[in-house]
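Enquirer: Following this message is one structure expressed as structure tokens.
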Amino acid sequence: MSKLGMDASGLRVALVAPPMDFMRELYGFRGQKVYRNQMPLGIGFIAAVLREAGHRVFLFDCAAQGWDIETSVRHVLDCRPDVIGVTSISMEAPSAYALIRALKSQSDVFCVLGGSHANSFYKEIPEQCPELDAIVVGEGEYTMAELCDRIESGGGLDSVAGLVHRREDGTFSAFRERPLVADLDD
């Protein structure tokens, strides 16, 4: 676990790459070490933007730690987050959904799913994982920052572009696209 921005006063946000045994899933056997093709850079970028916005950020790469769902839940909830953002490629989606279900069974923390799986399947995800509170679609840095700012201030989420969220009546909002970041150096 990495703790970024521990002196900040904003929300406590846990950003999580879900547990998954890639060797077992891809090749049918358990390896000595868990490998993925790259570090979960997306949540690192989101962490930097959230930290700049004044939020306390905790990063968890559960697969790299070799954690299962139960261990992942324990570590994530130990940081007492106000918001949990889970990233997922499509191959990790069953694990991400299982993690979110387990987190929601033990806490009422606001849970968000993002990543390439969410980008491609945001219309289907509410039915596949009804425990979710929101789905970030597209570039997540500024969507997550706006989401966290709105949650912190008690504002509504309907006008947050790049977000599909659960309404009070249990239905999910329509997706409104967020413009792409013009300067990638930002």
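Labels for the structure tokens follow display order: chains A, B, ..., residues from 1 in each chain, ligands from 1.
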From segment 4-182 of chain A, collect each residue whose DSSP state is alpha helix (DSSP H) and return the set as JSON, numbers by chain.
Expert: {"A": [22, 23, 24, 25, 26, 27, 41, 42, 43, 44, 45, 46, 47, 48, 49, 50, 51, 52, 62, 63, 64, 65, 69, 70, 71, 72, 73, 74, 75, 76, 77, 78, 93, 94, 95, 96, 97, 98, 99, 100, 101, 102, 103, 104, 105, 106, 116, 117, 118, 119, 120, 121, 125, 126, 127, 128, 141, 142, 143, 144, 145, 146, 147, 148, 149, 150, 151, 152, 153]}
Enquirer: Leaving out Leu77 of chain A and any residue of its chain fewer than 4 positions from it, which residues lie within 12 Å of it when counting only C-alpha atoms, given as a list in words?
Expert: Arg12, Val13, Ala14, Leu15, Val16, Phe58, Phe60, Glu70, Thr71, Ser72, Val73, Pro81, Asp82, Val83, Ile84, Leu99, Ile100, Ala102, Leu103, Lys104, Ser105, Gln106, Ser107, Asp108, Val109, Phe110 and Cys111 of chain A
Enquirer: Could you go through segment 20-184 of chain A and tell me which residues DSSP, when run on the backbone, assigns to strand (DSSP E), listing them as a PDB file with N, CA and C atoms, in the first residue's frame?
Expert:
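Below you can see selection.pdb, which holds the result:
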ATOM      1  N   ARG A  56      -6.835  12.560   0.409  1.00  0.00           N
ATOM      2  CA  ARG A  56      -5.861  11.585   0.906  1.00  0.00           C
ATOM      3  C   ARG A  56      -6.031  10.309   0.092  1.00  0.00           C
ATOM      4  N   VAL A  57      -4.976   9.847  -0.522  1.00  0.00           N
ATOM      5  CA  VAL A  57      -5.074   8.743  -1.476  1.00  0.00           C
ATOM      6  C   VAL A  57      -4.263   7.540  -0.995  1.00  0.00           C
ATOM      7  N   PHE A  58      -4.870   6.366  -1.134  1.00  0.00           N
ATOM      8  CA  PHE A  58      -4.236   5.098  -0.786  1.00  0.00           C
ATOM      9  C   PHE A  58      -4.298   4.212  -2.026  1.00  0.00           C
ATOM     10  N   LEU A  59      -3.164   3.682  -2.456  1.00  0.00           N
ATOM     11  CA  LEU A  59      -3.102   2.826  -3.645  1.00  0.00           C
ATOM     12  C   LEU A  59      -2.894   1.371  -3.237  1.00  0.00           C
ATOM     13  N   PHE A  60      -3.659   0.487  -3.871  1.00  0.00           N
ATOM     14  CA  PHE A  60      -3.536  -0.947  -3.598  1.00  0.00           C
ATOM     15  C   PHE A  60      -3.461  -1.698  -4.918  1.00  0.00           C
ATOM     16  N   ASP A  61      -2.373  -2.426  -5.149  1.00  0.00           N
ATOM     17  CA  ASP A  61      -2.263  -3.337  -6.286  1.00  0.00           C
ATOM     18  C   ASP A  61      -2.358  -4.741  -5.699  1.00  0.00           C
ATOM     19  N   VAL A  83     -14.304   6.920  -0.294  1.00  0.00           N
ATOM     20  CA  VAL A  83     -14.570   6.505  -1.665  1.00  0.00           C
ATOM     21  C   VAL A  83     -13.562   5.421  -2.029  1.00  0.00           C
ATOM     22  N   ILE A  84     -14.044   4.395  -2.745  1.00  0.00           N
ATOM     23  CA  ILE A  84     -13.152   3.361  -3.259  1.00  0.00           C
ATOM     24  C   ILE A  84     -13.317   3.324  -4.768  1.00  0.00           C
ATOM     25  N   GLY A  85     -12.214   3.470  -5.489  1.00  0.00           N
ATOM     26  CA  GLY A  85     -12.209   3.357  -6.936  1.00  0.00           C
ATOM     27  C   GLY A  85     -11.480   2.086  -7.336  1.00  0.00           C
ATOM     28  N   VAL A  86     -12.158   1.216  -8.050  1.00  0.00           N
ATOM     29  CA  VAL A  86     -11.572  -0.045  -8.507  1.00  0.00           C
ATOM     30  C   VAL A  86     -11.376   0.050 -10.012  1.00  0.00           C
ATOM     31  N   THR A  87     -10.185  -0.290 -10.486  1.00  0.00           N
ATOM     32  CA  THR A  87      -9.914  -0.310 -11.918  1.00  0.00           C
ATOM     33  C   THR A  87     -10.024  -1.739 -12.412  1.00  0.00           C
ATOM     34  N   PHE A 110     -18.738   4.484  -0.679  1.00  0.00           N
ATOM     35  CA  PHE A 110     -19.085   4.764  -2.066  1.00  0.00           C
ATOM     36  C   PHE A 110     -18.084   4.043  -2.966  1.00  0.00           C
ATOM     37  N   CYS A 111     -18.558   3.128  -3.826  1.00  0.00           N
ATOM     38  CA  CYS A 111     -17.680   2.335  -4.698  1.00  0.00           C
ATOM     39  C   CYS A 111     -17.865   2.703  -6.167  1.00  0.00           C
ATOM     40  N   VAL A 112     -16.736   2.896  -6.840  1.00  0.00           N
ATOM     41  CA  VAL A 112     -16.685   3.314  -8.240  1.00  0.00           C
ATOM     42  C   VAL A 112     -15.870   2.285  -9.019  1.00  0.00           C
ATOM     43  N   LEU A 113     -16.301   1.974 -10.235  1.00  0.00           N
ATOM     44  CA  LEU A 113     -15.527   1.122 -11.131  1.00  0.00           C
ATOM     45  C   LEU A 113     -15.082   1.953 -12.319  1.00  0.00           C
ATOM     46  N   GLY A 114     -13.831   1.802 -12.712  1.00  0.00           N
ATOM     47  CA  GLY A 114     -13.302   2.471 -13.890  1.00  0.00           C
ATOM     48  C   GLY A 114     -12.354   1.545 -14.618  1.00  0.00           C
ATOM     49  N   ALA A 134     -21.156   3.927  -8.755  1.00  0.00           N
ATOM     50  CA  ALA A 134     -20.863   4.744  -9.936  1.00  0.00           C
ATOM     51  C   ALA A 134     -19.868   4.040 -10.838  1.00  0.00           C
ATOM     52  N   ILE A 135     -19.867   4.474 -12.102  1.00  0.00           N
ATOM     53  CA  ILE A 135     -18.935   3.971 -13.110  1.00  0.00           C
ATOM     54  C   ILE A 135     -18.312   5.179 -13.781  1.00  0.00           C
ATOM     55  N   VAL A 136     -16.983   5.220 -13.817  1.00  0.00           N
ATOM     56  CA  VAL A 136     -16.271   6.278 -14.521  1.00  0.00           C
ATOM     57  C   VAL A 136     -15.963   5.767 -15.916  1.00  0.00           C
ATOM     58  N   LEU A 163     -19.447  10.200 -15.944  1.00  0.00           N
ATOM     59  CA  LEU A 163     -19.887   9.388 -14.815  1.00  0.00           C
ATOM     60  C   LEU A 163     -21.287   8.829 -15.060  1.00  0.00           C
ATOM     61  N   VAL A 164     -21.473   7.570 -14.728  1.00  0.00           N
ATOM     62  CA  VAL A 164     -22.781   6.950 -14.641  1.00  0.00           C
ATOM     63  C   VAL A 164     -22.936   6.589 -13.173  1.00  0.00           C
ATOM     64  N   HIS A 165     -24.022   7.037 -12.529  1.00  0.00           N
ATOM     65  CA  HIS A 165     -24.142   6.799 -11.090  1.00  0.00           C
ATOM     66  C   HIS A 165     -25.540   6.329 -10.706  1.00  0.00           C
TER      67      HIS A 165
END
Enquirer: Could you check which of A:Ile125, A:Ala63, A:Met91, A:Leu157 is closest to Pro18 of chain A, using only C-alpha atoms?
Expert: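 Selected residue with least distance to Pro18 of chain A: A:Ala63.
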Enquirer: Between A:Ile151, A:Val160, A:Ala48, A:Leu11, which one has atoms that come closest to Pro179 of chain A, using only C-alpha atoms?
Expert: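 So, comparing all the options, the nearest one is A:Val160.
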Enquirer: Write out as CSV the residues of segment 100-166 of chain A that have any atom within 10 Å of an atom of segment 42-45 of chain A, one row each with the nearest atom pair and its distance in Å to one decimal, counting only C-alpha atoms, sorted by chain and then rising number.
Expert:
residue,atom,partner,partner_atom,distance
A:Gly114,CA,A:Ile43,CA,9.2
A:Gly115,CA,A:Gly42,CA,7.5
A:Ser116,CA,A:Gly42,CA,9.8
A:Glu139,CA,A:Gly42,CA,8.7
A:Gly140,CA,A:Gly42,CA,8.0
A:Glu141,CA,A:Phe45,CA,6.7
Enquirer: Using only all heavy atoms, please write the residues we just selected to a file, as a compact mmCIF listing (two decimals), in the first residue's frame.
Expert:
# COMPACT_ATOMS: atom_id res chain seq x y z
N GLY A 114 -13.83 1.80 -12.71
CA GLY A 114 -13.30 2.47 -13.89
C GLY A 114 -12.35 1.55 -14.62
O GLY A 114 -12.24 0.37 -14.30
N GLY A 115 -11.66 2.07 -15.61
CA GLY A 115 -10.73 1.28 -16.39
C GLY A 115 -11.32 0.90 -17.74
O GLY A 115 -12.45 1.27 -18.08
N SER A 116 -10.55 0.14 -18.49
CA SER A 116 -10.97 -0.17 -19.86
C SER A 116 -12.24 -1.01 -19.91
O SER A 116 -13.04 -0.87 -20.85
CB SER A 116 -9.83 -0.86 -20.62
OG SER A 116 -9.48 -2.08 -20.00
N GLU A 139 -11.42 8.97 -19.65
CA GLU A 139 -10.31 9.41 -18.82
C GLU A 139 -10.83 9.75 -17.43
O GLU A 139 -11.68 10.62 -17.27
CB GLU A 139 -9.62 10.62 -19.45
CG GLU A 139 -8.98 10.28 -20.78
CD GLU A 139 -8.36 11.49 -21.46
OE1 GLU A 139 -8.55 12.63 -20.99
OE2 GLU A 139 -7.69 11.29 -22.47
N GLY A 140 -10.32 9.08 -16.42
CA GLY A 140 -10.90 9.17 -15.09
C GLY A 140 -10.35 10.22 -14.16
O GLY A 140 -10.94 10.46 -13.10
N GLU A 141 -9.25 10.86 -14.52
CA GLU A 141 -8.60 11.75 -13.57
C GLU A 141 -9.52 12.87 -13.09
O GLU A 141 -9.74 13.04 -11.89
CB GLU A 141 -7.32 12.34 -14.18
CG GLU A 141 -6.23 11.34 -14.44
CD GLU A 141 -6.35 10.58 -15.76
OE1 GLU A 141 -7.34 10.79 -16.49
OE2 GLU A 141 -5.46 9.78 -16.05
Enquirer: What's the separation between atom CA of Gly155 of chain A and atom CA of Glu124 of chain A, in Å to one decimal place?
Expert: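 Calculated distance between atom CA of Gly155 of chain A and atom CA of Glu124 of chain A is 26.4 Å.
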